[in-house]
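Here is the structure we will look at.
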Amino acid sequence: MEEKILINQLQNRKIQPTSMRLMVLNFLVKNEAAVSLTLLENHFTRSDRTTLYRTLRTFEEKGLVHRIDDAGDSTKYALCPAECTCSYPDDTHLHFFCTDCEKTFCFRDLNIPNFSLPEQFIPKKGNFVISGFCPSCAA
Ligand SMILES: [Zn+2]
Ligand SMILES: [Zn+2]
């Protein structure tokens with residue numbers, strides 16, 4: 001991925017491009033499914049951990065990524081498209097967790113229905129996960 005595109009992607013979310021942020025973004029872009037925190041931790045050196053966590057928090061706060069808590073052992077992060085505002089229920093979509101390879105897929109086009117919750121429950125975020133086998137594991 002060309003660095004200029006990555007820099008633009010950060011700047012569009014009002015994130016100052018630093019070398020660490022660019023490296024994390026590049027890693028997320030290269031992976032086609034959601035990336036687990038464990039995978040990220042293993043990709044970067046131990047001394048980078050604190051910066052890595054801070055970077056992910058910034059990305060999440062600025063809406064560049066969303067966090068998925070699936071049935072796996074590790075939190076996952078997936079990139080948000082430019083128009084995403086991570087709002088409920090418009091940007092809330094279905095996720096699929098493969099129990100075999102433990103990959104998590106984002107199905108952006110599969111929006112969740114707008115449930116009417118019991119009174120006084122105020123939804124902010126949704127994390128919808130269906131688990132099963134992905135195409136390569138089902139084969
Ligand atoms: Zn799988
Ligand atoms: Zn997602």
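We label chains A, B, ... in the order they appear in the structure tokens, count residues from 1 in each chain, and number ligands from 1 in the order shown.
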
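Residues in contact with ligand 1 (atom pairs separated by at most 7 Å; only C-alpha atoms and all ligand atoms) are A:Cys98, A:Thr99, A:Asp100, A:Cys101, A:Glu102, A:Lys103, A:Phe133, A:Cys134, A:Pro135, A:Ser136, A:Cys137.
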
Shell of 8 Å around range 36-42 of chain A, only C-alpha atoms, local chain residues under 4 positions omitted, as a list in words = Val24, Arg46, Arg49, Leu52, Ser74, Thr75, Lys76 and Tyr77 of chain A

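Computed from the coordinates, the CA of Thr85 in chain A to CA of Ala34 in chain A distance equals 17.7 Å.
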
How close does each residue of chain A get to ligand 2, giving the shortest atom pair and distance in Å to one decimal for every residue with an atom at most 7 Å away, counting only C-alpha atoms and all ligand atoms, sorted by chain and residue number, as JSON lines?
{"residue": "A:His66", "atom": "CA", "partner": "ligand 2", "partner_atom_place_in_ligand_line": "1 (Zn)", "distance": 6.5}
{"residue": "A:Ile68", "atom": "CA", "partner": "ligand 2", "partner_atom_place_in_ligand_line": "1 (Zn)", "distance": 6.8}
{"residue": "A:Ala78", "atom": "CA", "partner": "ligand 2", "partner_atom_place_in_ligand_line": "1 (Zn)", "distance": 5.9}
{"residue": "A:His93", "atom": "CA", "partner": "ligand 2", "partner_atom_place_in_ligand_line": "1 (Zn)", "distance": 6.2}
{"residue": "A:Leu94", "atom": "CA", "partner": "ligand 2", "partner_atom_place_in_ligand_line": "1 (Zn)", "distance": 6.8}
{"residue": "A:His95", "atom": "CA", "partner": "ligand 2", "partner_atom_place_in_ligand_line": "1 (Zn)", "distance": 6.0}
{"residue": "A:Cys106", "atom": "CA", "partner": "ligand 2", "partner_atom_place_in_ligand_line": "1 (Zn)", "distance": 4.0}
{"residue": "A:Phe107", "atom": "CA", "partner": "ligand 2", "partner_atom_place_in_ligand_line": "1 (Zn)", "distance": 6.4}
{"residue": "A:Arg108", "atom": "CA", "partner": "ligand 2", "partner_atom_place_in_ligand_line": "1 (Zn)", "distance": 6.3}

Just list the residues in chain A DSSP gives strand (DSSP E or B) on the backbone, as a ChimeraX atom specification. /A:34-36,65-68,76-79,93-98,104-111,128-132
